[in-house]
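Peer 1: This is the content of model_35.txt (compact mmCIF, C-alpha atoms (C1' of nucleotides)):
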# COMPACT_ATOMS: atom_id res chain seq x y z
CA MET A 7 109.12 0.85 -49.78
CA PRO A 8 105.85 -0.59 -48.54
CA ARG A 9 106.04 -4.13 -47.43
CA SER A 10 103.53 -6.49 -48.93
CA HIS A 11 100.86 -7.37 -46.46
CA SER A 12 99.15 -9.98 -48.45
CA HIS A 13 96.53 -11.39 -46.22
CA HIS A 14 93.24 -9.90 -47.13
CA SER A 15 92.98 -8.01 -50.30
CA HIS A 16 89.65 -7.83 -52.00
CA SER A 17 90.55 -5.64 -54.92
CA HIS A 18 89.03 -5.82 -58.38
CA ALA A 19 91.12 -6.10 -61.49
CA GLU A 20 90.90 -2.39 -62.12
CA ASP A 21 92.15 -1.13 -58.83
CA ALA A 22 94.43 -4.07 -58.27
CA GLU A 23 97.45 -3.85 -56.08
CA PRO A 24 100.64 -2.79 -57.67
CA PHE A 25 102.46 -5.64 -59.29
CA THR A 26 103.32 -7.95 -56.49
CA LEU A 27 103.11 -11.69 -56.67
CA ASP A 28 100.11 -11.69 -54.38
CA GLY A 29 98.35 -8.98 -56.30
CA LEU A 30 98.78 -10.84 -59.53
CA ALA A 31 97.70 -14.12 -58.00
CA GLU A 32 94.51 -12.49 -56.86
CA LEU A 33 93.94 -10.95 -60.24
CA LEU A 34 94.26 -14.29 -61.96
CA ARG A 35 91.95 -15.97 -59.52
CA SER A 36 89.35 -13.28 -60.03
CA LYS A 37 89.31 -14.31 -63.70
CA GLY A 38 88.71 -17.92 -62.84
CA LEU A 39 92.29 -18.83 -63.55
CA ARG A 40 94.51 -20.93 -61.32
CA MET A 41 97.69 -20.08 -59.58
CA THR A 42 100.11 -22.91 -60.10
CA GLY A 43 103.75 -23.43 -59.28
CA ASN A 44 104.68 -22.77 -62.88
CA ARG A 45 102.80 -19.55 -62.98
CA ARG A 46 104.14 -18.35 -59.70
CA ALA A 47 107.67 -19.01 -60.90
CA ILE A 48 107.10 -17.28 -64.20
CA LEU A 49 105.60 -14.23 -62.52
CA GLN A 50 108.47 -14.04 -60.07
CA ALA A 51 110.92 -14.16 -62.93
CA LEU A 52 109.11 -11.30 -64.65
CA LEU A 53 108.83 -9.29 -61.46
CA LYS A 54 112.54 -9.50 -60.85
CA ALA A 55 113.59 -8.84 -64.41
CA LYS A 56 115.39 -5.59 -65.13
CA LYS A 57 114.87 -5.92 -68.84
CA PRO A 58 112.54 -7.75 -71.22
CA LEU A 59 112.95 -11.52 -71.19
CA GLY A 60 112.72 -14.07 -73.98
CA LEU A 61 110.79 -17.29 -73.51
CA GLU A 62 113.93 -19.28 -72.77
CA GLU A 63 115.12 -16.70 -70.30
CA ILE A 64 111.79 -16.85 -68.57
CA GLN A 65 112.14 -20.61 -68.36
CA THR A 66 115.60 -20.33 -66.92
CA GLU A 67 114.80 -17.58 -64.48
CA ALA A 68 111.59 -19.26 -63.42
CA VAL A 69 113.37 -22.36 -62.27
CA ARG A 70 115.93 -20.23 -60.46
CA GLN A 71 113.22 -18.20 -58.73
CA SER A 72 111.38 -21.25 -57.52
CA LYS A 73 114.77 -22.67 -56.54
CA GLY A 74 114.79 -26.00 -58.21
CA GLY A 75 112.52 -28.48 -59.86
CA GLU A 76 111.87 -28.88 -63.53
CA PRO A 77 111.65 -25.77 -65.64
CA PRO A 78 108.19 -25.18 -67.05
CA ASP A 79 107.71 -26.45 -70.58
CA PHE A 80 108.29 -24.05 -73.40
CA ALA A 81 104.66 -24.27 -74.42
CA THR A 82 103.60 -23.51 -70.89
CA VAL A 83 105.64 -20.35 -70.81
CA PHE A 84 104.31 -19.45 -74.21
CA ARG A 85 100.71 -19.90 -73.13
CA MET A 86 101.27 -18.02 -69.94
CA MET A 87 102.69 -15.07 -71.79
CA ALA A 88 99.81 -15.10 -74.26
CA LEU A 89 97.51 -15.02 -71.28
CA LEU A 90 99.31 -12.17 -69.59
CA GLU A 91 99.25 -10.21 -72.81
CA GLU A 92 95.55 -10.81 -73.12
CA LEU A 93 95.04 -9.47 -69.64
CA LYS A 94 97.32 -6.52 -70.38
CA ILE A 95 99.59 -7.58 -67.57
CA ALA A 96 102.52 -8.07 -69.88
CA ARG A 97 103.49 -6.89 -73.32
CA LYS A 98 105.84 -7.83 -76.11
CA VAL A 99 108.80 -5.55 -76.57
CA ASN A 100 110.37 -5.03 -79.97
CA LEU A 101 114.09 -5.60 -79.59
CA GLY A 102 114.68 -5.99 -83.28
CA ARG A 103 115.33 -9.71 -82.93
CA ALA A 104 113.67 -12.73 -84.41
CA SER A 105 112.11 -14.02 -81.22
CA SER A 106 109.83 -12.30 -78.75
CA TYR A 107 110.67 -10.57 -75.51
CA PHE A 108 108.27 -9.68 -72.74
CA GLU A 109 107.98 -7.42 -69.74
CA LEU A 110 105.31 -6.65 -67.20
CA VAL A 111 103.23 -3.56 -67.84
CA ASP A 112 103.15 -1.34 -64.83
CA SER A 113 102.80 2.40 -64.81
CA ARG A 114 105.79 2.51 -62.51
CA HIS A 115 107.91 0.51 -64.90
CA HIS A 116 109.67 2.13 -67.79
CA ARG A 117 108.55 1.00 -71.15
CA ASP A 118 111.16 2.41 -73.49
CA HIS A 119 114.51 0.84 -74.25
CA LEU A 120 117.87 1.44 -75.78
CA VAL A 121 119.22 -1.54 -77.69
CA CYS A 122 122.71 -2.10 -79.05
CA THR A 123 122.20 -3.66 -82.45
CA ASP A 124 125.62 -5.26 -82.32
CA CYS A 125 126.04 -6.88 -78.90
CA GLY A 126 122.38 -6.87 -77.98
CA THR A 127 122.64 -5.01 -74.68
CA VAL A 128 119.28 -3.68 -73.54
CA THR A 129 119.02 -0.61 -71.34
CA PRO A 130 115.66 0.51 -69.96
CA LEU A 131 115.43 4.27 -70.21
CA GLU A 132 114.89 6.15 -66.98
CA GLY A 133 112.96 9.32 -66.60
CA ASN A 134 109.60 10.35 -67.87
CA CYS A 135 108.70 9.00 -71.24
CA PRO A 136 108.42 11.84 -73.74
CA VAL A 137 105.69 10.12 -75.68
CA GLU A 138 103.23 8.98 -73.07
CA SER A 139 101.60 12.36 -73.00
CA LEU A 140 100.97 12.15 -76.72
CA GLU A 141 98.82 9.07 -76.48
CA ARG A 142 95.80 11.05 -75.51
CA GLN A 143 96.28 13.59 -78.28
CA ILE A 144 96.67 10.91 -80.87
CA ALA A 145 93.63 9.08 -79.62
CA ARG A 146 91.54 12.20 -79.94
CA LYS A 147 92.87 13.29 -83.29
CA HIS A 148 92.44 9.92 -84.96
CA GLY A 149 89.40 8.70 -83.10
CA TYR A 150 91.22 5.83 -81.44
CA THR A 151 90.74 4.39 -77.98
CA GLN A 152 93.06 2.43 -75.73
CA VAL A 153 96.15 3.94 -77.25
CA THR A 154 99.49 2.65 -76.05
CA HIS A 155 102.90 2.93 -77.60
CA SER A 156 106.14 1.15 -78.17
CA LEU A 157 109.34 3.14 -78.34
CA GLU A 158 112.81 1.76 -78.78
CA PHE A 159 116.09 3.36 -79.63
CA PHE A 160 118.66 1.37 -81.55
CA GLY A 161 122.33 2.15 -81.91
CA LEU A 162 125.86 1.02 -81.19
CA CYS A 163 127.04 1.04 -77.60
CA GLY A 164 130.41 2.47 -76.70
CA ASP A 165 132.28 -0.81 -76.96
CA CYS A 166 130.69 -1.80 -80.21
CA SER A 167 131.29 1.66 -81.64
CA THR A 168 135.02 1.38 -81.11
CA ASP A 169 135.05 -2.19 -82.40
CA ALA A 170 133.29 -1.03 -85.53
CA ALA A 171 135.77 1.78 -86.06
CA SER A 172 138.79 -0.52 -86.15
CA MET B 4 112.71 7.79 -120.04
CA PRO B 5 115.60 10.17 -119.49
CA ARG B 6 119.01 8.64 -119.48
CA SER B 7 120.60 8.63 -116.06
CA HIS B 8 122.89 11.53 -115.67
CA SER B 9 125.66 10.73 -113.26
CA HIS B 10 127.02 14.03 -112.18
CA HIS B 11 128.15 13.13 -108.70
CA SER B 12 129.37 9.59 -108.78
CA HIS B 13 131.53 10.35 -105.75
CA SER B 14 128.53 10.71 -103.48
CA HIS B 15 128.35 8.86 -100.19
CA ALA B 16 125.14 7.36 -98.97
CA GLU B 17 124.70 10.41 -96.79
CA ASP B 18 124.48 13.06 -99.44
CA ALA B 19 122.77 10.88 -102.00
CA GLU B 20 119.96 12.11 -104.18
CA PRO B 21 116.55 12.13 -102.67
CA PHE B 22 114.81 8.84 -103.05
CA THR B 23 113.97 8.58 -106.67
CA LEU B 24 114.30 5.47 -108.72
CA ASP B 25 117.26 6.91 -110.57
CA GLY B 26 118.95 8.03 -107.40
CA LEU B 27 118.63 4.61 -105.88
CA ALA B 28 119.78 2.90 -109.03
CA GLU B 29 122.89 5.01 -109.00
CA LEU B 30 123.50 4.25 -105.34
CA LEU B 31 123.28 0.53 -105.94
CA ARG B 32 125.61 0.68 -108.88
CA SER B 33 128.14 2.63 -106.88
CA LYS B 34 128.26 -0.34 -104.53
CA GLY B 35 128.94 -2.75 -107.35
CA LEU B 36 125.39 -3.99 -107.34
CA ARG B 37 123.19 -4.44 -110.37
CA MET B 38 119.93 -2.82 -111.28
CA THR B 39 117.59 -5.49 -112.55
CA GLY B 40 113.95 -5.54 -113.51
CA ASN B 41 113.05 -7.15 -110.22
CA ARG B 42 114.85 -4.55 -108.21
CA ARG B 43 113.42 -1.70 -110.18
CA ALA B 44 109.92 -3.07 -109.61
CA ILE B 45 110.51 -3.59 -105.90
CA LEU B 46 111.90 -0.10 -105.48
CA GLN B 47 108.99 1.40 -107.34
CA ALA B 48 106.58 -0.45 -105.10
CA LEU B 49 108.35 0.92 -102.04
CA LEU B 50 108.53 4.42 -103.43
CA LYS B 51 104.83 4.48 -104.05
CA ALA B 52 103.79 2.90 -100.77
CA LYS B 53 101.92 5.04 -98.30
CA LYS B 54 102.52 2.61 -95.47
CA PRO B 55 104.95 -0.18 -94.62
CA LEU B 56 104.65 -3.23 -96.86
CA GLY B 57 104.99 -6.91 -96.09
CA LEU B 58 106.99 -9.17 -98.36
CA GLU B 59 103.91 -10.47 -100.12
CA GLU B 60 102.58 -6.97 -100.61
CA ILE B 61 105.89 -5.96 -102.11
CA GLN B 62 105.63 -8.90 -104.48
CA THR B 63 102.13 -7.94 -105.48
CA GLU B 64 102.83 -4.25 -105.86
CA ALA B 65 106.05 -4.89 -107.69
CA VAL B 66 104.32 -6.79 -110.44
CA ARG B 67 101.70 -4.09 -110.67
CA GLN B 68 104.32 -1.35 -110.89
CA SER B 69 106.20 -3.05 -113.65
CA LYS B 70 102.86 -3.73 -115.31
CA GLY B 71 102.93 -7.42 -115.87
CA GLY B 72 105.28 -10.31 -115.98
CA GLU B 73 106.02 -12.78 -113.25
CA PRO B 74 106.19 -11.46 -109.71
CA PRO B 75 109.67 -11.71 -108.24
CA ASP B 76 110.25 -14.78 -106.13
CA PHE B 77 109.66 -14.50 -102.43
CA ALA B 78 113.33 -15.18 -101.74
CA THR B 79 114.28 -12.44 -104.14
CA VAL B 80 112.16 -9.90 -102.34
CA PHE B 81 113.55 -11.13 -99.05
CA ARG B 82 117.13 -10.75 -100.19
CA MET B 83 116.47 -7.36 -101.69
CA MET B 84 115.01 -6.11 -98.46
CA ALA B 85 117.93 -7.49 -96.48
CA LEU B 86 120.18 -5.62 -98.85
CA LEU B 87 118.26 -2.37 -98.54
CA GLU B 88 118.33 -2.66 -94.78
CA GLU B 89 122.07 -3.23 -94.88
CA LEU B 90 122.46 -0.08 -96.93
CA LYS B 91 120.12 1.80 -94.61
CA ILE B 92 117.82 2.51 -97.49
CA ALA B 93 114.94 0.66 -95.89
CA ARG B 94 114.02 -0.43 -92.42
CA LYS B 95 111.74 -2.90 -90.72
CA VAL B 96 108.72 -1.43 -89.00
CA ASN B 97 107.19 -3.06 -85.95
CA LEU B 98 103.48 -3.41 -86.59
CA GLY B 99 102.98 -5.90 -83.81
CA ARG B 100 102.43 -8.72 -86.28
CA ALA B 101 104.20 -11.97 -86.84
CA SER B 102 105.75 -11.09 -90.17
CA SER B 103 107.94 -8.18 -91.18
CA TYR B 104 107.00 -4.92 -92.80
CA PHE B 105 109.30 -2.49 -94.53
CA GLU B 106 109.47 1.08 -95.63
CA LEU B 107 112.07 3.29 -97.23
CA VAL B 108 114.09 5.48 -94.91
CA ASP B 109 114.07 9.04 -96.02
CA SER B 110 114.31 12.08 -93.82
CA ARG B 111 111.28 13.42 -95.64
CA HIS B 112 109.24 10.34 -94.89
CA HIS B 113 107.43 9.89 -91.63
CA ARG B 114 108.65 7.05 -89.56
CA ASP B 115 106.06 6.72 -86.83
CA HIS B 116 102.77 4.88 -87.13
CA LEU B 117 99.42 4.36 -85.55
CA VAL B 118 98.18 0.80 -85.76
CA CYS B 119 94.74 -0.58 -85.00
CA THR B 120 95.34 -3.81 -83.17
CA ASP B 121 91.98 -5.14 -84.24
CA CYS B 122 91.55 -4.45 -87.95
CA GLY B 123 95.20 -3.78 -88.69
CA THR B 124 94.81 -0.35 -90.25
CA VAL B 125 98.12 1.50 -90.38
CA THR B 126 98.25 5.29 -90.36
CA PRO B 127 101.55 7.11 -90.79
CA LEU B 128 101.70 10.01 -88.38
CA GLU B 129 102.14 13.42 -89.86
CA GLY B 130 104.01 16.26 -88.30
CA ASN B 131 107.38 16.43 -86.68
CA CYS B 132 108.37 13.39 -84.75
CA PRO B 133 108.62 14.20 -81.06
CA VAL B 134 111.40 11.74 -80.48
CA GLU B 135 113.85 12.41 -83.23
CA SER B 136 115.39 15.23 -81.27
CA LEU B 137 116.05 12.89 -78.38
CA GLU B 138 118.28 10.59 -80.34
CA ARG B 139 121.24 12.84 -79.92
CA GLN B 140 120.69 13.26 -76.19
CA ILE B 141 120.39 9.56 -75.67
CA ALA B 142 123.48 8.90 -77.71
CA ARG B 143 125.48 11.30 -75.60
CA LYS B 144 124.12 10.18 -72.27
CA HIS B 145 124.66 6.48 -72.88
CA GLY B 146 127.76 6.65 -75.05
CA TYR B 147 126.01 5.28 -78.10
CA THR B 148 126.50 6.14 -81.74
CA GLN B 149 124.24 5.82 -84.76
CA VAL B 150 121.11 6.06 -82.69
CA THR B 151 117.81 5.64 -84.48
CA HIS B 152 114.40 4.88 -83.12
CA SER B 153 111.21 3.02 -83.71
CA LEU B 154 107.96 4.45 -82.42
CA GLU B 155 104.53 3.00 -82.90
CA PHE B 156 101.21 3.71 -81.31
CA PHE B 157 98.70 0.89 -80.93
CA GLY B 158 95.02 1.20 -80.18
CA LEU B 159 91.52 0.59 -81.45
CA CYS B 160 90.29 2.68 -84.34
CA GLY B 161 86.86 4.26 -84.24
CA ASP B 162 85.09 1.40 -85.98
CA CYS B 163 86.75 -1.28 -83.92
CA SER B 164 86.09 0.66 -80.74
CA THR B 165 82.36 0.60 -81.34
CA ASP B 166 82.47 -3.03 -82.38
CA ALA B 167 84.24 -3.88 -79.17
CA ALA B 168 81.69 -2.00 -77.10
CA SER B 169 78.78 -4.05 -78.38
C1' DA C 20 127.37 -5.62 -130.46
C1' DC C 21 130.12 -9.63 -128.24
C1' DG C 22 131.84 -12.37 -124.64
C1' DG C 23 133.61 -13.18 -120.11
C1' DT C 24 132.90 -12.42 -115.41
C1' DT C 25 130.04 -12.44 -111.59
C1' DA C 26 125.94 -10.74 -109.29
C1' DT C 27 121.21 -12.21 -109.30
C1' DG C 28 116.90 -15.05 -109.36
C1' DG C 29 114.10 -19.06 -108.91
C1' DC C 30 113.30 -23.26 -106.78
C1' DA C 31 113.20 -26.12 -103.05
C1' DA C 32 114.81 -27.51 -98.91
C1' DA C 33 116.59 -26.17 -94.10
C1' DT C 34 116.08 -23.60 -90.21
C1' DG C 35 113.85 -21.16 -86.49
C1' DA C 36 109.98 -19.52 -83.94
C1' DT C 37 105.44 -19.95 -82.72
C1' DT C 38 101.15 -22.37 -82.06
C1' DT C 39 98.00 -26.28 -81.29
C1' DG C 40 95.92 -31.20 -80.10
C1' DC C 41 95.51 -34.34 -76.80
C1' DA C 42 95.83 -37.16 -72.77
C1' DA C 43 97.51 -37.03 -68.09
C1' DT C 44 97.81 -34.10 -64.15
C1' DT C 45 96.63 -30.83 -60.63
C1' DG C 46 94.30 -26.72 -58.52
C1' DT C 47 89.81 -25.16 -56.56
C1' DG C 48 85.38 -24.70 -54.75
C1' DA C 49 81.76 -27.25 -52.70
C1' DT D 13 87.72 -35.34 -49.97
C1' DC D 14 85.47 -35.24 -54.72
C1' DA D 15 84.21 -33.80 -59.02
C1' DC D 16 85.09 -30.56 -62.47
C1' DA D 17 87.68 -27.83 -65.31
C1' DA D 18 91.95 -25.51 -65.96
C1' DT D 19 96.70 -26.50 -66.77
C1' DT D 20 100.77 -28.96 -68.45
C1' DG D 21 104.02 -31.68 -71.04
C1' DC D 22 104.93 -33.76 -75.16
C1' DA D 23 105.01 -34.00 -79.89
C1' DA D 24 103.49 -32.61 -84.06
C1' DA D 25 101.73 -28.77 -87.11
C1' DT D 26 102.04 -24.31 -88.75
C1' DC D 27 104.09 -20.07 -90.08
C1' DA D 28 107.97 -17.09 -91.19
C1' DT D 29 112.53 -16.63 -92.40
C1' DT D 30 116.86 -18.01 -94.37
C1' DT D 31 120.13 -20.62 -97.31
C1' DG D 32 122.33 -23.72 -101.21
C1' DC D 33 122.64 -24.50 -105.74
C1' DC D 34 122.76 -23.80 -110.49
C1' DA D 35 120.75 -21.50 -114.46
C1' DT D 36 120.27 -16.77 -115.96
C1' DA D 37 121.12 -12.16 -116.98
C1' DA D 38 123.55 -7.53 -115.96
C1' DC D 39 127.63 -5.15 -116.54
C1' DC D 40 132.29 -4.19 -118.06
C1' DG D 41 135.79 -3.90 -121.43
C1' DT D 42 136.71 -4.62 -125.90
Show this structure as structure tokens.

Peer 2:
Amino acid sequence: MPRSHSHHSHSHAEDAEPFTLDGLAELLRSKGLRMTGNRRAILQALLKAKKPLGLEEIQTEAVRQSKGGEPPDFATVFRMMALLEELKIARKVNLGRASSYFELVDSRHHRDHLVCTDCGTVTPLEGNCPVESLERQIARKHGYTQVTHSLEFFGLCGDCSTDAAS
Amino acid sequence: MPRSHSHHSHSHAEDAEPFTLDGLAELLRSKGLRMTGNRRAILQALLKAKKPLGLEEIQTEAVRQSKGGEPPDFATVFRMMALLEELKIARKVNLGRASSYFELVDSRHHRDHLVCTDCGTVTPLEGNCPVESLERQIARKHGYTQVTHSLEFFGLCGDCSTDAAS
DNA sequence: ACGGTTATGGCAAATGATTTGCAATTGTGA
DNA sequence: TCACAATTGCAAATCATTTGCCATAACCGT
């Protein structure tokens, strides 16, 4: 695991560092955006997350990450996530719930999930995504560009299956 | 209009008739539910749809299908769709928009879609779904039951690609 | 066909989630 | 440090979904 040696990176957005706090900070600055305490905290929360987070969870985790202080306002988190989506740094994940959940987009991160529709448990799926390779084919066949995908499996986890049976 | 011919009133949801209006009517009745003009119109709209429909679209199409009369109330469409979801006759499709879209669930229907994130065009994908066969594997590996999936591709269609380039 | 029972539908109001306006604050480059 | 513009918190607006209530209409048995 390479340690982050943050001091002098000069990368462009395209060949940016992998998703480290410093890499992201640099990316934002290169767009004329500012790196604030709120944003740092939010990014740290997202970097640490093992599953997609809702806005409230981001708030909560952000304050934990930055160890203390006021949690960022709901609107602030909202605007930050809109921004990250715009920049393709984060994306919304469909968990079949009313509110939105987000995760960072990184080729090294898994993008597909297994969701228990009863208790809500979310499990990121390991291994190579079976669909990623289709993006290119679909793009060609339908004349699309910038094709991405969203794949989620829904079902009942072991516990909820037995509960349901009784 | 042929009278409905109930030869297998013992049928479970699983071995029900293919999705025809009569088949669905029968299914509803077997659950103690009633087949009304509204419901008939909504079901016809869904049966005819070539892509997932939003609640307003269902309203609009329903009145067209039943050729005239008042469109069903929004709440009525909403409750009907909740009911159809409950019965696994319909499902919500994630089109990356704020509001919900629905389509009937039928093994002969395609379930995966290609969505242009700019103009909103929705294209159902033909051919065998590459993921369906994984449901069983995932169920086994993670101890889940009743596993289904939701797969959508997002991108820019040809027209929107060229627009974006300019 | 009739009438009683009960699911359904329309209306409007409640809820929930997301989005925006604006003034005060704070990061950044010069 | 200063000036400028981006950012933030707060509250209010918007948008989508969901529910309560009572009048209506579907269905069953007669």

Peer 1: Quick check: residues of chain A within 8 Å of chain B, all atoms listed in the file, returned as a PyMOL selection string.

Peer 2: chain A and resi 100+136-137+141+148-164+167

Peer 1: I'm after chain A in the frame of chain B: fit it by least squares over all Cα atoms matched in order, and give me the output as a short mmCIF file (atom, residue, chain, number, x, y, z; two decimals) with C-alpha atoms, in the frame of the given file.

Peer 2:
data_model
loop_
_atom_site.label_atom_id
_atom_site.label_comp_id
_atom_site.auth_asym_id
_atom_site.auth_seq_id
_atom_site.Cartn_x
_atom_site.Cartn_y
_atom_site.Cartn_z
CA MET A 7 109.04 18.98 -107.42
CA PRO A 8 112.38 18.51 -109.12
CA ARG A 9 112.33 16.23 -112.05
CA SER A 10 114.85 13.45 -112.05
CA HIS A 11 117.62 14.14 -114.47
CA SER A 12 119.34 10.87 -114.24
CA HIS A 13 122.07 10.99 -116.77
CA HIS A 14 125.28 11.71 -115.03
CA SER A 15 125.39 11.47 -111.34
CA HIS A 16 128.66 10.67 -109.71
CA SER A 17 127.61 10.81 -106.10
CA HIS A 18 129.02 8.70 -103.29
CA ALA A 19 126.85 6.69 -100.98
CA GLU A 20 126.94 9.39 -98.35
CA ASP A 21 125.76 12.29 -100.39
CA ALA A 22 123.58 10.18 -102.62
CA GLU A 23 120.63 11.59 -104.42
CA PRO A 24 117.36 11.54 -102.64
CA PHE A 25 115.57 8.27 -103.00
CA THR A 26 114.86 7.95 -106.65
CA LEU A 27 115.17 4.77 -108.62
CA ASP A 28 118.24 6.09 -110.37
CA GLY A 29 119.86 7.24 -107.18
CA LEU A 30 119.38 3.87 -105.60
CA ALA A 31 120.60 2.04 -108.68
CA GLU A 32 123.78 4.05 -108.56
CA LEU A 33 124.20 3.40 -104.88
CA LEU A 34 123.92 -0.33 -105.37
CA ARG A 35 126.35 -0.31 -108.24
CA SER A 36 128.86 1.62 -106.18
CA LYS A 37 128.81 -1.31 -103.75
CA GLY A 38 129.54 -3.79 -106.48
CA LEU A 39 125.96 -4.96 -106.56
CA ARG A 40 123.87 -5.43 -109.68
CA MET A 41 120.73 -3.76 -110.76
CA THR A 42 118.37 -6.39 -112.04
CA GLY A 43 114.77 -6.37 -113.16
CA ASN A 44 113.71 -7.88 -109.86
CA ARG A 45 115.50 -5.28 -107.87
CA ARG A 46 114.23 -2.43 -109.95
CA ALA A 47 110.68 -3.68 -109.48
CA ILE A 48 111.10 -4.12 -105.76
CA LEU A 49 112.57 -0.65 -105.35
CA GLN A 50 109.77 0.88 -107.38
CA ALA A 51 107.24 -0.85 -105.19
CA LEU A 52 108.92 0.53 -102.08
CA LEU A 53 109.24 4.00 -103.55
CA LYS A 54 105.56 4.16 -104.33
CA ALA A 55 104.38 2.67 -101.07
CA LYS A 56 102.47 4.93 -98.71
CA LYS A 57 102.88 2.55 -95.82
CA PRO A 58 105.18 -0.30 -94.81
CA LEU A 59 104.88 -3.38 -96.99
CA GLY A 60 105.09 -7.07 -96.13
CA LEU A 61 107.12 -9.44 -98.26
CA GLU A 62 104.06 -10.67 -100.13
CA GLU A 63 102.88 -7.15 -100.75
CA ILE A 64 106.27 -6.28 -102.12
CA GLN A 65 106.03 -9.25 -104.44
CA THR A 66 102.61 -8.22 -105.61
CA GLU A 67 103.41 -4.57 -106.02
CA ALA A 68 106.70 -5.33 -107.71
CA VAL A 69 105.04 -7.24 -110.49
CA ARG A 70 102.48 -4.47 -110.88
CA GLN A 71 105.19 -1.80 -111.04
CA SER A 72 107.15 -3.62 -113.69
CA LYS A 73 103.83 -4.25 -115.44
CA GLY A 74 103.85 -7.93 -115.95
CA GLY A 75 106.13 -10.90 -115.91
CA GLU A 76 106.68 -13.31 -113.09
CA PRO A 77 106.74 -11.95 -109.58
CA PRO A 78 110.14 -12.25 -107.95
CA ASP A 79 110.54 -15.30 -105.74
CA PHE A 80 109.81 -14.93 -102.09
CA ALA A 81 113.41 -15.67 -101.22
CA THR A 82 114.56 -13.04 -103.65
CA VAL A 83 112.44 -10.40 -102.01
CA PHE A 84 113.63 -11.58 -98.65
CA ARG A 85 117.28 -11.32 -99.64
CA MET A 86 116.77 -7.97 -101.22
CA MET A 87 115.21 -6.60 -98.08
CA ALA A 88 118.01 -8.01 -95.95
CA LEU A 89 120.40 -6.24 -98.26
CA LEU A 90 118.58 -2.94 -98.11
CA GLU A 91 118.48 -3.16 -94.34
CA GLU A 92 122.18 -3.81 -94.27
CA LEU A 93 122.77 -0.73 -96.35
CA LYS A 94 120.38 1.27 -94.17
CA ILE A 95 118.23 1.98 -97.17
CA ALA A 96 115.25 0.25 -95.67
CA ARG A 97 114.14 -0.74 -92.22
CA LYS A 98 111.73 -3.11 -90.55
CA VAL A 99 108.69 -1.51 -89.00
CA ASN A 100 107.00 -3.02 -85.98
CA LEU A 101 103.31 -3.29 -86.77
CA GLY A 102 102.62 -5.71 -83.98
CA ARG A 103 102.08 -8.58 -86.40
CA ALA A 104 103.78 -11.89 -86.83
CA SER A 105 105.47 -11.14 -90.12
CA SER A 106 107.78 -8.31 -91.08
CA TYR A 107 106.99 -5.05 -92.80
CA PHE A 108 109.46 -2.73 -94.47
CA GLU A 109 109.78 0.84 -95.65
CA LEU A 110 112.50 2.93 -97.19
CA VAL A 111 114.48 5.12 -94.82
CA ASP A 112 114.59 8.65 -96.03
CA SER A 113 114.84 11.74 -93.91
CA ARG A 114 111.92 13.13 -95.87
CA HIS A 115 109.78 10.11 -95.12
CA HIS A 116 107.89 9.80 -91.90
CA ARG A 117 108.93 6.96 -89.73
CA ASP A 118 106.21 6.78 -87.12
CA HIS A 119 102.88 5.04 -87.52
CA LEU A 120 99.46 4.65 -86.06
CA VAL A 121 98.13 1.11 -86.24
CA CYS A 122 94.62 -0.14 -85.58
CA THR A 123 95.07 -3.36 -83.65
CA ASP A 124 91.70 -4.62 -84.81
CA CYS A 125 91.43 -4.01 -88.56
CA GLY A 126 95.12 -3.46 -89.16
CA THR A 127 94.91 -0.06 -90.83
CA VAL A 128 98.26 1.70 -90.87
CA THR A 129 98.51 5.48 -90.93
CA PRO A 130 101.88 7.20 -91.28
CA LEU A 131 102.00 10.16 -88.94
CA GLU A 132 102.59 13.54 -90.50
CA GLY A 133 104.44 16.37 -88.94
CA ASN A 134 107.73 16.52 -87.17
CA CYS A 135 108.56 13.49 -85.13
CA PRO A 136 108.68 14.41 -81.45
CA VAL A 137 111.39 11.91 -80.71
CA GLU A 138 113.97 12.47 -83.40
CA SER A 139 115.50 15.29 -81.48
CA LEU A 140 116.02 13.01 -78.51
CA GLU A 141 118.26 10.62 -80.37
CA ARG A 142 121.26 12.82 -79.91
CA GLN A 143 120.62 13.33 -76.22
CA ILE A 144 120.22 9.65 -75.62
CA ALA A 145 123.35 8.87 -77.56
CA ARG A 146 125.34 11.27 -75.44
CA LYS A 147 123.88 10.26 -72.12
CA HIS A 148 124.35 6.54 -72.65
CA GLY A 149 127.48 6.60 -74.74
CA TYR A 150 125.79 5.18 -77.81
CA THR A 151 126.42 5.96 -81.45
CA GLN A 152 124.22 5.61 -84.51
CA VAL A 153 121.05 5.98 -82.53
CA THR A 154 117.78 5.58 -84.39
CA HIS A 155 114.32 4.91 -83.10
CA SER A 156 111.11 3.11 -83.77
CA LEU A 157 107.86 4.64 -82.64
CA GLU A 158 104.41 3.23 -83.20
CA PHE A 159 101.07 4.05 -81.73
CA PHE A 160 98.49 1.31 -81.39
CA GLY A 161 94.79 1.73 -80.80
CA LEU A 162 91.32 1.19 -82.18
CA CYS A 163 90.25 3.24 -85.17
CA GLY A 164 86.88 4.91 -85.24
CA ASP A 165 85.09 2.06 -86.97
CA CYS A 166 86.60 -0.59 -84.79
CA SER A 167 85.86 1.44 -81.68
CA THR A 168 82.16 1.49 -82.43
CA ASP A 169 82.19 -2.18 -83.39
CA ALA A 170 83.82 -3.00 -80.09
CA ALA A 171 81.24 -1.00 -78.16
CA SER A 172 78.29 -2.95 -79.52
#

Peer 1: If you count all atoms listed in the file, which residues fall within 9 Å of Ala78 (chain B), apart from same-chain ones fewer than 4 positions away, as a list in words?

Peer 2: Arg82 and Met83 of chain B; DG28 and DG29 of chain C; DT30 of chain D

Peer 1: Work out how far apart CA of Glu109 (chain A) and CA of Ala68 (chain A) are and give it in Å to one decimal.

Peer 2: 13.9 Å
